[in-house]
>>> print(open('protein33.pdb').read())   # PDB, C-alpha atoms, pLDDT in the B column
ATOM      1  CA  MET U   1      19.539 -15.529   5.548  1.00 75.00           C
ATOM      2  CA  VAL U   2      15.752 -15.845   5.691  1.00 77.00           C
ATOM      3  CA  SER U   3      14.330 -19.340   6.042  1.00 88.00           C
ATOM      4  CA  THR U   4      11.467 -20.566   3.885  1.00 93.00           C
ATOM      5  CA  GLY U   5       9.143 -20.385   6.894  1.00 92.00           C
ATOM      6  CA  GLU U   6      10.159 -16.797   7.623  1.00 94.00           C
ATOM      7  CA  ALA U   7       9.694 -15.858   3.962  1.00 96.00           C
ATOM      8  CA  ALA U   8       6.219 -17.393   4.091  1.00 96.00           C
ATOM      9  CA  ARG U   9       5.490 -15.351   7.229  1.00 97.00           C
ATOM     10  CA  VAL U  10       6.582 -12.158   5.468  1.00 98.00           C
ATOM     11  CA  VAL U  11       4.234 -12.924   2.579  1.00 98.00           C
ATOM     12  CA  LEU U  12       1.348 -13.678   4.936  1.00 98.00           C
ATOM     13  CA  VAL U  13       1.979 -10.542   7.017  1.00 98.00           C
ATOM     14  CA  GLY U  14       2.044  -8.448   3.821  1.00 98.00           C
ATOM     15  CA  ILE U  15      -1.178 -10.004   2.569  1.00 98.00           C
ATOM     16  CA  GLY U  16      -2.830  -9.631   5.967  1.00 98.00           C
ATOM     17  CA  ALA U  17      -1.841  -5.972   6.267  1.00 98.00           C
ATOM     18  CA  THR U  18      -3.146  -5.316   2.769  1.00 98.00           C
ATOM     19  CA  VAL U  19      -6.460  -6.964   3.675  1.00 98.00           C
ATOM     20  CA  VAL U  20      -6.674  -4.660   6.715  1.00 98.00           C
ATOM     21  CA  LEU U  21      -6.048  -1.717   4.380  1.00 97.00           C
ATOM     22  CA  ASP U  22      -8.778  -2.948   2.039  1.00 98.00           C
ATOM     23  CA  VAL U  23     -11.268  -3.214   4.921  1.00 98.00           C
ATOM     24  CA  TRP U  24     -10.358   0.375   5.852  1.00 97.00           C
ATOM     25  CA  SER U  25     -10.966   1.429   2.240  1.00 96.00           C
ATOM     26  CA  MET U  26     -14.374  -0.285   2.237  1.00 96.00           C
ATOM     27  CA  ILE U  27     -15.291   1.597   5.413  1.00 96.00           C
ATOM     28  CA  LEU U  28     -14.222   4.885   3.819  1.00 95.00           C
ATOM     29  CA  LYS U  29     -16.212   4.122   0.656  1.00 95.00           C
ATOM     30  CA  GLY U  30     -19.225   3.306   2.814  1.00 97.00           C
ATOM     31  CA  LEU U  31     -18.876   6.751   4.371  1.00 96.00           C
ATOM     32  CA  GLY U  32     -18.741   8.346   0.920  1.00 95.00           C
ATOM     33  CA  ILE U  33     -15.004   9.089   1.106  1.00 92.00           C
ATOM     34  CA  PRO U  34     -13.178   8.453  -2.182  1.00 89.00           C
ATOM     35  CA  THR U  35     -10.399   5.851  -2.235  1.00 92.00           C
ATOM     36  CA  LEU U  36      -7.908   4.692  -4.837  1.00 90.00           C
ATOM     37  CA  ASP U  37      -9.251   2.662  -7.741  1.00 94.00           C
ATOM     38  CA  TYR U  38      -6.586  -0.026  -8.190  1.00 96.00           C
ATOM     39  CA  ALA U  39      -7.544  -0.355 -11.853  1.00 96.00           C
ATOM     40  CA  LEU U  40      -5.763   2.985 -12.280  1.00 96.00           C
ATOM     41  CA  VAL U  41      -2.605   1.456 -10.796  1.00 96.00           C
ATOM     42  CA  GLY U  42      -2.926  -1.338 -13.361  1.00 96.00           C
ATOM     43  CA  ARG U  43      -3.462   1.231 -16.100  1.00 97.00           C
ATOM     44  CA  TRP U  44      -0.355   3.102 -15.003  1.00 96.00           C
ATOM     45  CA  ALA U  45       1.684  -0.142 -14.921  1.00 95.00           C
ATOM     46  CA  GLY U  46       0.378  -1.148 -18.341  1.00 95.00           C
ATOM     47  CA  HIS U  47       1.467   2.160 -19.812  1.00 95.00           C
ATOM     48  CA  LEU U  48       4.773   1.935 -17.964  1.00 92.00           C
ATOM     49  CA  CYS U  49       5.442  -1.345 -19.771  1.00 91.00           C
ATOM     50  CA  ARG U  50       4.836   0.566 -22.998  1.00 92.00           C
ATOM     51  CA  GLY U  51       7.420   3.154 -21.998  1.00 91.00           C
ATOM     52  CA  ARG U  52       5.225   5.899 -20.537  1.00 90.00           C
ATOM     53  CA  PHE U  53       5.885   6.804 -16.891  1.00 90.00           C
ATOM     54  CA  ALA U  54       3.980  10.052 -16.326  1.00 91.00           C
ATOM     55  CA  HIS U  55       0.436  11.087 -17.215  1.00 93.00           C
ATOM     56  CA  ALA U  56      -1.434  14.371 -16.980  1.00 93.00           C
ATOM     57  CA  SER U  57      -4.389  12.385 -15.614  1.00 93.00           C
ATOM     58  CA  ILE U  58      -4.279   8.607 -15.337  1.00 93.00           C
ATOM     59  CA  ALA U  59      -8.097   8.551 -15.188  1.00 92.00           C
ATOM     60  CA  LYS U  60      -8.238  10.126 -18.652  1.00 94.00           C
ATOM     61  CA  THR U  61      -5.495   7.915 -20.092  1.00 93.00           C
ATOM     62  CA  GLU U  62      -6.517   5.077 -22.406  1.00 95.00           C
ATOM     63  CA  SER U  63      -7.490   1.982 -20.447  1.00 95.00           C
ATOM     64  CA  ILE U  64      -5.402  -1.192 -20.574  1.00 94.00           C
ATOM     65  CA  PRO U  65      -6.915  -4.682 -20.967  1.00 96.00           C
ATOM     66  CA  GLY U  66      -6.905  -6.402 -17.580  1.00 97.00           C
ATOM     67  CA  GLU U  67      -5.982  -3.228 -15.710  1.00 97.00           C
ATOM     68  CA  SER U  68      -8.161  -4.008 -12.698  1.00 97.00           C
ATOM     69  CA  PRO U  69      -6.711  -7.448 -11.858  1.00 98.00           C
ATOM     70  CA  LEU U  70      -3.232  -6.116 -12.666  1.00 97.00           C
ATOM     71  CA  GLY U  71      -3.751  -3.194 -10.290  1.00 97.00           C
ATOM     72  CA  TRP U  72      -5.003  -5.444  -7.510  1.00 98.00           C
ATOM     73  CA  ALA U  73      -2.052  -7.824  -7.998  1.00 98.00           C
ATOM     74  CA  ILE U  74       0.342  -4.887  -7.765  1.00 97.00           C
ATOM     75  CA  HIS U  75      -1.469  -3.632  -4.650  1.00 98.00           C
ATOM     76  CA  TYR U  76      -0.918  -6.963  -2.873  1.00 98.00           C
ATOM     77  CA  ALA U  77       2.653  -7.358  -4.173  1.00 98.00           C
ATOM     78  CA  VAL U  78       3.514  -3.921  -2.788  1.00 98.00           C
ATOM     79  CA  GLY U  79       2.000  -4.904   0.572  1.00 98.00           C
ATOM     80  CA  ILE U  80       4.306  -7.928   0.633  1.00 98.00           C
ATOM     81  CA  VAL U  81       7.316  -5.802  -0.344  1.00 98.00           C
ATOM     82  CA  PHE U  82       6.526  -3.338   2.457  1.00 98.00           C
ATOM     83  CA  ALA U  83       6.287  -6.239   4.930  1.00 98.00           C
ATOM     84  CA  ALA U  84       9.684  -7.413   3.700  1.00 98.00           C
ATOM     85  CA  LEU U  85      11.004  -3.884   4.223  1.00 98.00           C
ATOM     86  CA  LEU U  86       9.831  -3.990   7.839  1.00 98.00           C
ATOM     87  CA  VAL U  87      11.514  -7.354   8.407  1.00 98.00           C
ATOM     88  CA  GLY U  88      14.624  -6.122   6.612  1.00 97.00           C
ATOM     89  CA  ILE U  89      14.828  -3.185   9.011  1.00 97.00           C
ATOM     90  CA  CYS U  90      13.885  -5.037  12.209  1.00 97.00           C
ATOM     91  CA  GLY U  91      15.213  -8.496  11.433  1.00 96.00           C
ATOM     92  CA  THR U  92      13.369 -11.780  11.326  1.00 96.00           C
ATOM     93  CA  ALA U  93      13.032 -11.761  15.116  1.00 96.00           C
ATOM     94  CA  TRP U  94      10.231  -9.197  14.626  1.00 97.00           C
ATOM     95  CA  LEU U  95       8.142 -11.907  12.926  1.00 96.00           C
ATOM     96  CA  HIS U  96       8.304 -14.017  16.081  1.00 94.00           C
ATOM     97  CA  ASP U  97       7.920 -11.156  18.562  1.00 96.00           C
ATOM     98  CA  PRO U  98       6.170  -8.306  16.708  1.00 98.00           C
ATOM     99  CA  ALA U  99       6.217  -4.801  18.149  1.00 98.00           C
ATOM    100  CA  TRP U 100       3.643  -2.213  17.087  1.00 97.00           C
ATOM    101  CA  LEU U 101       5.892   0.870  16.876  1.00 98.00           C
ATOM    102  CA  PRO U 102       8.207  -0.374  14.095  1.00 98.00           C
ATOM    103  CA  ALA U 103       5.187  -1.624  12.135  1.00 98.00           C
ATOM    104  CA  LEU U 104       3.417   1.711  12.470  1.00 98.00           C
ATOM    105  CA  ALA U 105       6.594   3.640  11.608  1.00 98.00           C
ATOM    106  CA  VAL U 106       7.207   1.598   8.452  1.00 98.00           C
ATOM    107  CA  GLY U 107       3.542   1.854   7.492  1.00 98.00           C
ATOM    108  CA  VAL U 108       3.575   5.638   7.806  1.00 98.00           C
ATOM    109  CA  ALA U 109       6.953   5.923   6.051  1.00 98.00           C
ATOM    110  CA  THR U 110       5.634   4.007   3.049  1.00 97.00           C
ATOM    111  CA  VAL U 111       3.426   7.008   2.231  1.00 98.00           C
ATOM    112  CA  MET U 112       6.532   8.380   0.506  1.00 98.00           C
ATOM    113  CA  VAL U 113       5.979   5.987  -2.400  1.00 97.00           C
ATOM    114  CA  PRO U 114       2.595   7.362  -3.437  1.00 96.00           C
ATOM    115  CA  TRP U 115       3.563  10.937  -2.617  1.00 97.00           C
ATOM    116  CA  PHE U 116       6.797  10.991  -4.601  1.00 98.00           C
ATOM    117  CA  VAL U 117       6.285   8.292  -7.238  1.00 96.00           C
ATOM    118  CA  MET U 118       2.689   7.248  -7.867  1.00 95.00           C
ATOM    119  CA  GLN U 119       0.834  10.540  -7.479  1.00 96.00           C
ATOM    120  CA  PRO U 120       3.235  12.549  -9.646  1.00 97.00           C
ATOM    121  CA  ALA U 121       3.263   9.778 -12.259  1.00 96.00           C
ATOM    122  CA  MET U 122      -0.534   9.610 -12.306  1.00 95.00           C
ATOM    123  CA  GLY U 123      -1.010  13.367 -12.654  1.00 95.00           C
ATOM    124  CA  ALA U 124      -1.858  14.299  -9.055  1.00 95.00           C
ATOM    125  CA  GLY U 125       1.482  16.023  -8.432  1.00 96.00           C
ATOM    126  CA  VAL U 126       3.913  15.514  -5.583  1.00 97.00           C
ATOM    127  CA  ALA U 127       1.921  14.671  -2.447  1.00 96.00           C
ATOM    128  CA  SER U 128      -1.388  15.464  -4.185  1.00 96.00           C
ATOM    129  CA  SER U 129      -0.275  19.036  -4.924  1.00 97.00           C
ATOM    130  CA  HIS U 130      -2.277  19.143  -8.198  1.00 96.00           C
ATOM    131  CA  THR U 131      -5.557  18.053  -6.618  1.00 95.00           C
ATOM    132  CA  PRO U 132      -8.362  20.340  -5.431  1.00 95.00           C
ATOM    133  CA  THR U 133      -7.767  19.401  -1.766  1.00 95.00           C
ATOM    134  CA  PRO U 134      -4.082  18.500  -1.357  1.00 97.00           C
ATOM    135  CA  MET U 135      -3.908  18.743   2.454  1.00 97.00           C
ATOM    136  CA  LYS U 136      -7.060  16.659   2.894  1.00 95.00           C
ATOM    137  CA  ASN U 137      -5.627  14.040   0.514  1.00 95.00           C
ATOM    138  CA  ARG U 138      -2.276  14.020   2.327  1.00 97.00           C
ATOM    139  CA  MET U 139      -3.978  13.448   5.678  1.00 96.00           C
ATOM    140  CA  ARG U 140      -6.073  10.656   4.167  1.00 95.00           C
ATOM    141  CA  ASN U 141      -2.890   9.125   2.695  1.00 96.00           C
ATOM    142  CA  LEU U 142      -1.147   9.273   6.082  1.00 97.00           C
ATOM    143  CA  ALA U 143      -4.131   7.719   7.844  1.00 97.00           C
ATOM    144  CA  THR U 144      -4.338   4.952   5.254  1.00 97.00           C
ATOM    145  CA  HIS U 145      -0.657   4.114   5.576  1.00 98.00           C
ATOM    146  CA  ALA U 146      -0.929   4.202   9.379  1.00 98.00           C
ATOM    147  CA  VAL U 147      -3.767   1.677   9.062  1.00 98.00           C
ATOM    148  CA  PHE U 148      -1.493  -0.443   6.849  1.00 98.00           C
ATOM    149  CA  GLY U 149       1.200  -0.257   9.557  1.00 98.00           C
ATOM    150  CA  CYS U 150      -1.323  -1.382  12.157  1.00 98.00           C
ATOM    151  CA  GLY U 151      -2.254  -4.169   9.757  1.00 98.00           C
ATOM    152  CA  LEU U 152       1.388  -5.289   9.652  1.00 98.00           C
ATOM    153  CA  TYR U 153       1.402  -5.565  13.425  1.00 98.00           C
ATOM    154  CA  VAL U 154      -2.009  -7.225  13.764  1.00 98.00           C
ATOM    155  CA  SER U 155      -1.196  -9.721  11.006  1.00 98.00           C
ATOM    156  CA  ALA U 156       2.114 -10.652  12.632  1.00 98.00           C
ATOM    157  CA  VAL U 157       0.468 -11.072  16.046  1.00 98.00           C
ATOM    158  CA  LEU U 158      -2.298 -13.268  14.624  1.00 97.00           C
ATOM    159  CA  LEU U 159       0.242 -15.282  12.677  1.00 96.00           C
ATOM    160  CA  LYS U 160       2.291 -15.757  15.846  1.00 95.00           C
ATOM    161  CA  LEU U 161      -0.806 -17.173  17.565  1.00 95.00           C
ATOM    162  CA  VAL U 162      -1.495 -19.764  14.869  1.00 94.00           C
ATOM    163  CA  TRP U 163       2.046 -20.548  13.718  1.00 85.00           C
ATOM    164  CA  ALA U 164       4.180 -21.755  16.616  1.00 68.00           C
TER
END
>>> encode(input="protein33.pdb", output="structure tokens")
Amino acid sequence: MVSTGEAARVVLVGIGATVVLDVWSMILKGLGIPTLDYALVGRWAGHLCRGRFAHASIAKTESIPGESPLGWAIHYAVGIVFAALLVGICGTAWLHDPAWLPALAVGVATVMVPWFVMQPAMGAGVASSHTPTPMKNRMRNLATHAVFGCGLYVSAVLLKLVWA
């Protein structure tokens, strides 16, 4: 059983790790490297609610009102779910004594979700196989999810320092 305080820690670790990921994305954008537009995630979710899972190209699919805030909300909710996954695997003791290796491993493992669910559903194929540069995209995906894993660890360590 997870206490209310531990549940709050999971939420804060998930939000913190997602913020770290967003900083990474801003750095990439600043270097001219394309990153995911979360409005497209909102668009996909909006169409999913209308019964359509897969798209030939989500970018060319009709936009959905409020897709950008919806996409960003989903982005942060998924970060929280992935933090909960880490705690589910490692136990709540990890929140009080975080270790970097499990956080990194879970972060990297979460790349399976975009590779096998989101990218195929959005028209990019399994693991970006329908894109012009699939291997480059896969490596970028792995790096991004490794950064998220580092964000899980850093967020838990910072939280440990301020929440005794």
>>> residues_around(input="protein33.pdb", residues="Cys150 (chain U)", least_positions_apart="4", cutoff="12 Å", atoms="only C-alpha atoms", output="list in words")
Val13, Gly14, Gly16, Ala17, Thr18, Val19, Val20, Leu21, Trp24, Ala83, Pro98, Ala99, Trp100, Leu101, Pro102, Ala103, Leu104, Ala105, Val106, Gly107, Val108, Ala143, Thr144, His145, Ala146, Val154, Ser155, Ala156 and Val157 of chain U
>>> resolve_selection(input="protein33.pdb", expression="the PyMOL selection byres ((chain U and resi 119) around 12)", output="PyMOL selection string")
chain U and resi 36+40-41+44+53-59+111-118+120-131+134+137-138+141
>>> atom_distance(input="protein33.pdb", atom1="CA of Leu142 (chain U)", atom2="CA of Trp72 (chain U)")
20.4 Å
>>> atom_distance(input="protein33.pdb", atom1="CA of Ser3 (chain U)", atom2="CA of Tyr76 (chain U)")
21.6 Å
>>> atom_distance(input="protein33.pdb", atom1="CA of His47 (chain U)", atom2="CA of Ile64 (chain U)")
7.7 Å
>>> closest_residue(input="protein33.pdb", among="U:Pro132, U:Ile80, U:Phe148, U:Tyr153", to="Ala7 (chain U)", atoms="all atoms listed in the file")
U:Ile80
>>> residues_around(input="protein33.pdb", residues="Val87 (chain U)", least_positions_apart="2", cutoff="10 Å", atoms="all atoms listed in the file", output="list in words")
Val2, Glu6, Ala7, Val10, Val81, Phe82, Ala83, Ala84, Leu85, Ile89, Cys90, Gly91, Thr92, Ala93, Trp94, Leu95, Pro98, Pro102, Ala103 and Val106 of chain U
>>> residues_near_point(input="protein33.pdb", point="(-7.2, -4.4, -16.8)", cutoff="9 Å", atoms="all atoms listed in the file", output="compact mmCIF listing (two decimals) with C-alpha atoms, in the coordinates of the input")
# COMPACT_ATOMS: atom_id res chain seq x y z
CA ALA U 39 -7.54 -0.36 -11.85
CA LEU U 40 -5.76 2.98 -12.28
CA GLY U 42 -2.93 -1.34 -13.36
CA ARG U 43 -3.46 1.23 -16.10
CA GLY U 46 0.38 -1.15 -18.34
CA SER U 63 -7.49 1.98 -20.45
CA ILE U 64 -5.40 -1.19 -20.57
CA PRO U 65 -6.92 -4.68 -20.97
CA GLY U 66 -6.90 -6.40 -17.58
CA GLU U 67 -5.98 -3.23 -15.71
CA SER U 68 -8.16 -4.01 -12.70
CA PRO U 69 -6.71 -7.45 -11.86
CA LEU U 70 -3.23 -6.12 -12.67
CA GLY U 71 -3.75 -3.19 -10.29
>>> closest_residue(input="protein33.pdb", among="U:Arg50, U:Lys60, U:Lys136, U:His96", to="Leu159 (chain U)", atoms="only C-alpha atoms")
U:His96
